[in-house]
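Here's input.pdb, which has PDB, C-alpha atoms:
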```pdb
MODEL        1
ATOM      1  CA  MET A   1     109.768 135.258-202.077
ATOM      2  CA  GLY A   2     111.263 134.064-198.766
ATOM      3  CA  ILE A   3     114.697 133.692-200.363
ATOM      4  CA  ARG A   4     114.545 137.228-201.741
ATOM      5  CA  ILE A   5     113.697 138.608-198.290
ATOM      6  CA  LEU A   6     116.675 136.740-196.759
ATOM      7  CA  ILE A   7     119.020 138.186-199.381
ATOM      8  CA  VAL A   8     117.761 141.719-198.665
ATOM      9  CA  VAL A   9     118.309 141.175-194.910
ATOM     10  CA  LEU A  10     121.884 140.001-195.509
ATOM     11  CA  LEU A  11     122.655 142.995-197.706
ATOM     12  CA  LEU A  12     121.238 145.421-195.123
ATOM     13  CA  ALA A  13     123.297 143.745-192.361
ATOM     14  CA  PHE A  14     126.534 144.344-194.265
ATOM     15  CA  ALA A  15     125.566 147.886-195.254
ATOM     16  CA  ALA A  16     124.814 148.807-191.595
ATOM     17  CA  GLN A  17     128.349 148.163-190.323
ATOM     18  CA  PRO A  18     129.321 151.205-188.137
ATOM     19  CA  ALA A  19     132.079 153.545-189.258
ATOM     20  CA  GLY A  20     133.946 152.914-186.016
ATOM     21  CA  ALA A  21     134.752 149.368-187.193
ATOM     22  CA  GLN A  22     137.066 150.688-189.918
ATOM     23  CA  ILE A  23     140.267 150.041-187.999
ATOM     24  CA  VAL A  24     143.604 150.269-189.784
ATOM     25  CA  SER A  25     145.050 146.856-188.973
ATOM     26  CA  ARG A  26     145.703 143.617-190.760
ATOM     27  CA  GLU A  27     142.866 141.853-188.987
ATOM     28  CA  ALA A  28     140.363 144.579-189.818
ATOM     29  CA  ILE A  29     141.398 144.582-193.490
ATOM     30  CA  ALA A  30     141.095 140.794-193.611
ATOM     31  CA  LEU A  31     137.602 140.950-192.111
ATOM     32  CA  ARG A  32     136.599 143.636-194.570
ATOM     33  CA  ASN A  33     137.779 141.490-197.481
ATOM     34  CA  GLN A  34     135.814 138.520-196.176
ATOM     35  CA  ILE A  35     132.676 140.648-195.875
ATOM     36  CA  LEU A  36     133.101 141.844-199.461
ATOM     37  CA  GLU A  37     133.550 138.249-200.564
ATOM     38  CA  VAL A  38     130.332 137.212-198.818
ATOM     39  CA  LYS A  39     128.533 140.136-200.413
ATOM     40  CA  HIS A  40     129.799 139.026-203.817
ATOM     41  CA  GLU A  41     128.509 135.502-203.182
ATOM     42  CA  VAL A  42     125.150 136.921-202.144
ATOM     43  CA  ASP A  43     124.990 138.762-205.463
ATOM     44  CA  GLN A  44     125.788 135.532-207.302
ATOM     45  CA  LEU A  45     123.073 133.729-205.332
ATOM     46  CA  ARG A  46     120.581 136.444-206.203
ATOM     47  CA  ARG A  47     121.388 136.062-209.894
ATOM     48  CA  GLN A  48     121.037 132.279-209.650
ATOM     49  CA  ILE A  49     117.655 132.644-207.976
ATOM     50  CA  GLU A  50     116.497 135.040-210.665
ATOM     51  CA  ALA A  51     117.697 132.605-213.325
ATOM     52  CA  GLY A  52     115.901 129.758-211.512
ATOM     53  CA  ALA A  53     112.744 131.820-211.365
ATOM     54  CA  GLY A  54     112.953 132.262-215.123
ATOM     55  CA  HIS A  55     113.313 128.524-215.573
ATOM     56  CA  ASN A  56     110.307 127.889-213.344
ATOM     57  CA  GLN A  57     108.268 130.265-215.436
ATOM     58  CA  GLY A  58     109.379 128.397-218.521
ATOM     59  CA  SER A  59     108.300 125.112-216.935
ATOM     60  CA  ALA A  60     104.895 126.528-216.147
ATOM     61  CA  LEU A  61     104.483 127.356-219.864
ATOM     62  CA  GLY A  62     105.410 123.815-220.865
ATOM     63  CA  GLY A  63     109.137 124.358-221.444
ATOM     64  CA  ALA A  64     111.705 121.600-221.530
ATOM     65  CA  TYR A  65     113.542 122.849-218.419
ATOM     66  CA  GLY A  66     110.914 122.185-215.781
ATOM     67  CA  PRO A  67     112.715 119.289-213.990
ATOM     68  CA  ALA A  68     115.863 121.434-213.310
ATOM     69  CA  ALA A  69     114.071 123.818-210.884
ATOM     70  CA  PRO A  70     114.169 121.605-207.755
ATOM     71  CA  ALA A  71     117.954 121.088-208.106
ATOM     72  CA  SER A  72     118.506 124.849-208.423
ATOM     73  CA  ALA A  73     116.393 125.530-205.334
ATOM     74  CA  GLY A  74     118.326 122.933-203.326
ATOM     75  CA  THR A  75     121.647 124.452-204.340
ATOM     76  CA  SER A  76     120.368 127.899-203.365
ATOM     77  CA  ASN A  77     119.300 126.650-199.942
ATOM     78  CA  ASP A  78     122.746 125.134-199.342
ATOM     79  CA  LEU A  79     124.424 128.400-200.328
ATOM     80  CA  ILE A  80     122.161 130.355-197.999
ATOM     81  CA  ALA A  81     123.041 128.071-195.075
ATOM     82  CA  THR A  82     126.753 128.398-195.859
ATOM     83  CA  LEU A  83     126.506 132.165-196.093
ATOM     84  CA  LEU A  84     124.625 132.384-192.792
ATOM     85  CA  ASP A  85     127.373 130.382-191.090
ATOM     86  CA  ARG A  86     130.030 132.672-192.536
ATOM     87  CA  VAL A  87     128.128 135.795-191.500
ATOM     88  CA  THR A  88     127.835 134.480-187.938
ATOM     89  CA  SER A  89     131.578 133.720-187.847
ATOM     90  CA  LEU A  90     132.462 137.174-189.202
ATOM     91  CA  GLN A  91     130.237 138.897-186.648
ATOM     92  CA  GLY A  92     132.035 137.043-183.863
ATOM     93  CA  GLN A  93     135.430 138.097-185.224
ATOM     94  CA  VAL A  94     134.284 141.727-185.469
ATOM     95  CA  ARG A  95     133.114 141.688-181.826
ATOM     96  CA  SER A  96     136.429 140.180-180.730
ATOM     97  CA  LEU A  97     138.401 142.812-182.660
ATOM     98  CA  ARG A  98     136.332 145.641-181.125
ATOM     99  CA  GLY A  99     137.012 144.250-177.645
ATOM    100  CA  ARG A 100     140.758 144.181-178.282
ATOM    101  CA  VAL A 101     140.710 147.747-179.635
ATOM    102  CA  SER A 102     138.776 148.933-176.540
ATOM    103  CA  GLU A 103     141.255 147.199-174.231
ATOM    104  CA  LEU A 104     144.204 148.764-176.073
ATOM    105  CA  SER A 105     142.575 152.218-175.868
ATOM    106  CA  ASN A 106     142.100 151.872-172.101
ATOM    107  CA  LYS A 107     145.715 150.788-171.701
ATOM    108  CA  VAL A 108     146.938 153.826-173.652
ATOM    109  CA  ASP A 109     144.770 156.136-171.487
ATOM    110  CA  ARG A 110     146.297 154.658-168.313
ATOM    111  CA  GLN A 111     149.822 155.075-169.656
ATOM    112  CA  VAL A 112     149.149 158.709-170.599
ATOM    113  CA  ALA A 113     147.768 159.416-167.103
ATOM    114  CA  ASP A 114     150.850 157.811-165.481
ATOM    115  CA  LEU A 115     153.133 159.834-167.746
ATOM    116  CA  ASP A 116     151.348 163.094-166.851
ATOM    117  CA  LYS A 117     151.793 162.344-163.149
ATOM    118  CA  LYS A 118     155.502 161.597-163.597
ATOM    119  CA  VAL A 119     155.981 164.835-165.537
ATOM    120  CA  ALA A 120     154.223 166.795-162.767
ATOM    121  CA  ASP A 121     156.460 165.137-160.157
ATOM    122  CA  LEU A 122     159.584 165.998-162.141
ATOM    123  CA  GLU A 123     158.450 169.600-162.554
ATOM    124  CA  PHE A 124     157.934 169.925-158.820
ATOM    125  CA  GLN A 125     161.346 168.418-158.033
ATOM    126  CA  PHE A 126     162.940 170.807-160.520
ATOM    127  CA  GLN A 127     161.166 173.804-159.002
ATOM    128  CA  LEU A 128     162.177 172.677-155.536
ATOM    129  CA  GLY A 129     165.832 172.409-156.584
ATOM    130  CA  GLN A 130     165.736 175.811-158.304
ATOM    131  CA  GLY A 131     164.237 177.352-155.189
ATOM    132  CA  LYS A 132     167.065 176.019-153.018
ATOM    133  CA  LYS A 133     169.713 177.349-155.407
ATOM    134  CA  ALA A 134     168.116 180.771-155.720
ATOM    135  CA  GLY A 135     167.842 181.200-151.951
ATOM    136  CA  SER A 136     164.429 182.788-152.175
ATOM    137  CA  VAL A 137     161.078 182.383-153.848
ATOM    138  CA  ALA A 138     160.380 184.381-156.998
ATOM    139  CA  PHE A 139     157.140 186.231-156.405
ATOM    140  CA  PRO A 140     155.038 187.874-159.090
ATOM    141  CA  ALA A 141     155.141 191.631-159.540
ATOM    142  CA  PRO A 142     152.732 193.503-157.273
ATOM    143  CA  ALA A 143     149.425 194.599-158.747
ATOM    144  CA  PRO A 144     149.297 198.210-159.948
ATOM    145  CA  ALA A 145     148.027 200.744-157.437
ATOM    146  CA  PRO A 146     144.378 201.811-157.751
ATOM    147  CA  ALA A 147     143.707 204.969-159.725
ATOM    148  CA  HIS A 148     141.885 206.644-156.821
ATOM    149  CA  PRO A 149     144.285 209.083-155.061
ATOM    150  CA  ALA A 150     143.260 207.907-151.595
ATOM    151  CA  ALA A 151     144.277 204.346-152.403
ATOM    152  CA  ARG A 152     147.700 205.088-153.933
ATOM    153  CA  VAL A 153     150.743 203.557-152.269
ATOM    154  CA  ALA A 154     153.227 206.028-150.844
ATOM    155  CA  ALA A 155     156.454 206.446-152.794
ATOM    156  CA  THR A 156     158.520 205.437-149.766
ATOM    157  CA  PRO A 157     157.436 202.071-148.306
ATOM    158  CA  PRO A 158     157.008 201.775-144.530
ATOM    159  CA  PRO A 159     159.813 200.230-142.455
ATOM    160  CA  PRO A 160     160.087 196.394-142.536
ATOM    161  CA  GLU A 161     158.720 196.148-138.982
ATOM    162  CA  VAL A 162     155.572 198.029-139.965
ATOM    163  CA  LEU A 163     155.125 195.990-143.144
ATOM    164  CA  LEU A 164     155.501 192.724-141.249
ATOM    165  CA  GLN A 165     152.977 193.858-138.661
ATOM    166  CA  GLN A 166     150.548 194.763-141.423
ATOM    167  CA  GLY A 167     151.185 191.407-143.085
ATOM    168  CA  GLU A 168     150.568 189.468-139.856
ATOM    169  CA  THR A 169     147.316 191.374-139.317
ATOM    170  CA  ALA A 170     146.207 190.645-142.885
ATOM    171  CA  LEU A 171     147.134 186.975-142.457
ATOM    172  CA  ALA A 172     145.036 186.734-139.292
ATOM    173  CA  ARG A 173     141.945 187.925-141.159
ATOM    174  CA  ALA A 174     142.703 185.599-144.137
ATOM    175  CA  ASP A 175     143.643 188.511-146.406
ATOM    176  CA  TYR A 176     146.387 186.475-148.048
ATOM    177  CA  PRO A 177     147.149 188.779-151.033
ATOM    178  CA  THR A 178     147.849 191.712-148.682
ATOM    179  CA  ALA A 179     150.030 189.540-146.432
ATOM    180  CA  LEU A 180     151.972 188.277-149.453
ATOM    181  CA  THR A 181     152.491 191.793-150.789
ATOM    182  CA  ALA A 182     153.860 192.964-147.440
ATOM    183  CA  ALA A 183     156.279 190.017-147.257
ATOM    184  CA  GLU A 184     157.361 190.555-150.858
ATOM    185  CA  THR A 185     158.077 194.236-150.246
ATOM    186  CA  VAL A 186     160.372 193.408-147.326
ATOM    187  CA  LEU A 187     162.200 190.741-149.334
ATOM    188  CA  LYS A 188     162.704 193.044-152.299
ATOM    189  CA  ALA A 189     164.043 195.836-150.113
ATOM    190  CA  ASP A 190     166.762 193.604-148.652
ATOM    191  CA  SER A 191     166.571 189.833-148.983
ATOM    192  CA  ARG A 192     169.458 189.367-146.518
ATOM    193  CA  SER A 193     168.235 191.559-143.699
ATOM    194  CA  PRO A 194     167.271 189.984-140.355
ATOM    195  CA  ARG A 195     163.629 190.826-141.086
ATOM    196  CA  ALA A 196     163.766 188.937-144.404
ATOM    197  CA  TYR A 197     163.640 185.649-142.468
ATOM    198  CA  ASP A 198     160.313 186.658-140.925
ATOM    199  CA  ALA A 199     159.103 187.917-144.301
ATOM    200  CA  GLN A 200     159.947 184.614-145.987
ATOM    201  CA  PHE A 201     157.965 182.661-143.398
ATOM    202  CA  LEU A 202     155.058 185.104-143.754
ATOM    203  CA  ALA A 203     155.144 184.651-147.529
ATOM    204  CA  ALA A 204     154.994 180.862-147.135
ATOM    205  CA  GLN A 205     151.937 181.124-144.882
ATOM    206  CA  ALA A 206     150.195 183.480-147.303
ATOM    207  CA  LEU A 207     150.899 181.213-150.280
ATOM    208  CA  PHE A 208     149.538 178.215-148.402
ATOM    209  CA  GLY A 209     146.419 180.212-147.522
ATOM    210  CA  GLU A 210     145.963 180.997-151.235
ATOM    211  CA  LYS A 211     146.267 177.245-151.963
ATOM    212  CA  GLN A 212     149.374 177.786-154.060
ATOM    213  CA  PHE A 213     150.820 174.678-152.472
ATOM    214  CA  THR A 214     153.838 174.179-154.754
ATOM    215  CA  ARG A 215     155.058 177.740-154.203
ATOM    216  CA  ALA A 216     154.258 177.434-150.511
ATOM    217  CA  ALA A 217     156.478 174.335-150.267
ATOM    218  CA  LEU A 218     159.346 176.240-151.881
ATOM    219  CA  ALA A 219     158.815 179.213-149.561
ATOM    220  CA  TYR A 220     158.699 177.045-146.423
ATOM    221  CA  ASP A 221     161.846 175.230-147.518
ATOM    222  CA  ASP A 222     163.623 178.547-148.095
ATOM    223  CA  ALA A 223     162.508 179.860-144.706
ATOM    224  CA  TYR A 224     163.965 176.775-143.017
ATOM    225  CA  SER A 225     167.202 177.051-145.023
ATOM    226  CA  ARG A 226     167.652 180.664-143.938
ATOM    227  CA  SER A 227     167.774 179.640-140.284
ATOM    228  CA  PRO A 228     167.601 175.879-139.461
ATOM    229  CA  THR A 229     167.531 176.692-135.756
ATOM    230  CA  GLY A 230     165.531 179.922-135.905
ATOM    231  CA  PRO A 231     162.172 180.590-134.268
ATOM    232  CA  HIS A 232     160.297 179.522-137.404
ATOM    233  CA  ALA A 233     162.294 176.354-138.090
ATOM    234  CA  GLN A 234     159.807 173.855-136.654
ATOM    235  CA  ASP A 235     156.849 175.632-138.256
ATOM    236  CA  SER A 236     158.686 175.823-141.595
ATOM    237  CA  LEU A 237     159.344 172.065-141.712
ATOM    238  CA  LEU A 238     155.772 171.372-140.625
ATOM    239  CA  GLY A 239     154.453 173.778-143.274
ATOM    240  CA  LEU A 240     156.692 172.157-145.894
ATOM    241  CA  ALA A 241     155.286 168.702-145.056
ATOM    242  CA  ARG A 242     151.719 170.025-145.089
ATOM    243  CA  SER A 243     152.247 171.634-148.522
ATOM    244  CA  LEU A 244     153.753 168.428-149.926
ATOM    245  CA  VAL A 245     150.766 166.406-148.734
ATOM    246  CA  ALA A 246     148.463 168.933-150.425
ATOM    247  CA  ILE A 247     150.130 168.240-153.809
ATOM    248  CA  ASN A 248     150.145 164.477-153.175
ATOM    249  CA  GLN A 249     153.888 164.225-152.571
ATOM    250  CA  LYS A 250     153.475 162.034-149.510
ATOM    251  CA  PRO A 251     156.935 160.360-149.496
ATOM    252  CA  ALA A 252     158.577 163.792-149.595
ATOM    253  CA  ALA A 253     156.233 164.965-146.816
ATOM    254  CA  CYS A 254     157.301 162.012-144.659
ATOM    255  CA  GLY A 255     160.920 163.002-145.313
ATOM    256  CA  ALA A 256     160.224 166.536-144.082
ATOM    257  CA  LEU A 257     158.535 165.191-140.939
ATOM    258  CA  SER A 258     161.464 162.834-140.317
ATOM    259  CA  LYS A 259     163.831 165.771-140.609
ATOM    260  CA  LEU A 260     161.651 167.704-138.168
ATOM    261  CA  HIS A 261     161.959 164.968-135.534
ATOM    262  CA  GLN A 262     165.700 164.595-136.127
ATOM    263  CA  GLN A 263     166.410 168.320-135.799
ATOM    264  CA  PHE A 264     164.060 168.778-132.862
ATOM    265  CA  PRO A 265     163.731 165.634-130.731
ATOM    266  CA  THR A 266     161.440 167.564-128.379
ATOM    267  CA  LEU A 267     158.813 169.382-130.416
ATOM    268  CA  ARG A 268     156.837 172.361-129.201
ATOM    269  CA  SER A 269     153.498 171.513-127.632
ATOM    270  CA  ASP A 270     151.583 173.038-130.562
ATOM    271  CA  VAL A 271     153.752 171.398-133.222
ATOM    272  CA  ALA A 272     153.838 167.810-131.885
ATOM    273  CA  PRO A 273     150.126 166.916-132.317
ATOM    274  CA  ALA A 274     149.975 168.594-135.724
ATOM    275  CA  ALA A 275     153.034 166.632-136.873
ATOM    276  CA  ALA A 276     151.548 163.361-135.621
ATOM    277  CA  ALA A 277     148.243 163.976-137.417
ATOM    278  CA  LEU A 278     150.066 164.879-140.622
ATOM    279  CA  ALA A 279     152.225 161.748-140.435
ATOM    280  CA  HIS A 280     149.086 159.650-140.125
ATOM    281  CA  GLN A 281     147.505 161.456-143.101
ATOM    282  CA  ALA A 282     150.617 160.930-145.258
ATOM    283  CA  GLY A 283     150.876 157.267-144.231
ATOM    284  CA  CYS A 284     154.385 157.634-142.846
ATOM    285  CA  SER A 285     155.797 154.471-141.302
TER     286      SER A 285
ENDMDL
END
```
In structure tokens, how does this file's structure come out?
Amino acid sequence: MGIRILIVVLLLAFAAQPAGAQIVSREAIALRNQILEVKHEVDQLRRQIEAGAGHNQGSALGGAYGPAAPASAGTSNDLIATLLDRVTSLQGQVRSLRGRVSELSNKVDRQVADLDKKVADLEFQFQLGQGKKAGSVAFPAPAPAPAHPAARVAATPPPPEVLLQQGETALARADYPTALTAAETVLKADSRSPRAYDAQFLAAQALFGEKQFTRAALAYDDAYSRSPTGPHAQDSLLGLARSLVAINQKPAACGALSKLHQQFPTLRSDVAPAAAALAHQAGCS
């Protein structure tokens, strides 16, 4: 009876192998074949034990085969010990194979994450280059005017000076969409007018306030390119560096800060401490 119980336990152990262990590889196929072979031997052992049991019954009735029972039982015990050793070895190989598969899966995940980061970096560099060539930032179309007559926009927009004043007021109260719309309207009216420089800088500030850091970096860079010595030049380079840090482009941010110090050896009193703090945050040498 004890031998029968052991055989049942072995069969249940092989039947309970998880589906996740079915890995398409040479090693997995080899292990599977070995397990099937052990199962086949277990079946043979079960048949031998049943045959031995029949002989024992014959011996009990006075048959001529009574003396052969002890030899059959000894052979069965040896086979059971051999099978147990093989099962233990196979279990160790399965655990080792699972560990290697897990390690390979983690390695693939890390490579995919690195690739995604490189693609994001390339996309940003491409957008930055396109922004420099275009000479201005492409802003989305303004939202349609509300249906209520009192909220409709006049057919003729206000002068650029009025729009910029409205945009600065909106920016001060953190109404970034309104500030961006005012800057966009000025730029669309005449992107080369003297007021377009102020509008471009206003747009960059509004985009940064909306946490659209990639577009803000492009807008700050365009504002600086419009007038490298203008009144917004230091703020534009500082804003560019701040936007680059926000998207984890720290080497590029350090480059913008280096350019700031080269172009303006003596920084304004409000720009100098902000630049120093940003350099420390970006880890600039």
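Using all atoms listed in the file, the smallest distance between any of A:Ala279, A:Leu83, A:Ala272, A:Leu90 and Arg32 in chain A comes from A:Leu90.
Interatomic distance, CA of Glu210 in chain A to CA of Thr178 in chain A: 11.2 Å.
Minimum atom-to-atom distances from A:Leu79, A:Leu244, A:Val186, A:Leu97 to Ala30 in chain A were compared using only C-alpha atoms, and the lowest value belongs to A:Leu97.
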So that each row is one residue of range 209-239 of chain A with an atom at most 7 Å from range 252-269 of chain A, can you give its shortest atom pair and the distance in Å to one decimal, using all atoms listed in the file, rows by chain and rising number, as CSV?
```
residue,atom,partner,partner_atom,distance
A:Gln234,CA,A:Leu260,CA,6.6
A:Leu237,CA,A:Leu260,CA,6.1
A:Leu238,CA,A:Leu257,CA,6.8
```
**12 Å contact set for Glu41 in chain A, only C-alpha atoms, chain neighbours under 2 positions out, as a VMD selection string** = chain A and resid 7 10 to 11 34 to 39 43 to 48 76 79 to 80 82 to 84 86 to 87
**Asked** the PyMOL selection byres ((chain A and resi 161) around 12) on the file shown: which residues, as number ranges by chain?
**Response** A: 157-160, 162-168, 182-183, 185-186, 193-196, 198-199
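Going from CA of Asp270 in chain A to CA of His232 in chain A covers 12.8 Å.
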**Request:** Within 9 Å of range 219-225 of chain A, counting only C-alpha atoms, which residues show up once you throw out same-chain ones fewer than 3 positions away? Write them as an NGL selection string, please.
**Result:** :A and (128 or 131-132 or 135-137 or 197-201 or 203-205 or 207 or 214-216 or 228-230 or 232-240 or 243)
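CA of Arg192 in chain A is positioned 11.7 Å from CA of Ser227 in chain A.
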**Message:** Please enumerate the residues selected by the PyMOL selection byres ((chain A and resi 249) around 12) when evaluated against the supplied file, formatted as a PyMOL selection string.
**Reply:** chain A and resi 117-118+120-122+124-125+213-214+217+240-248+250-256+281-284
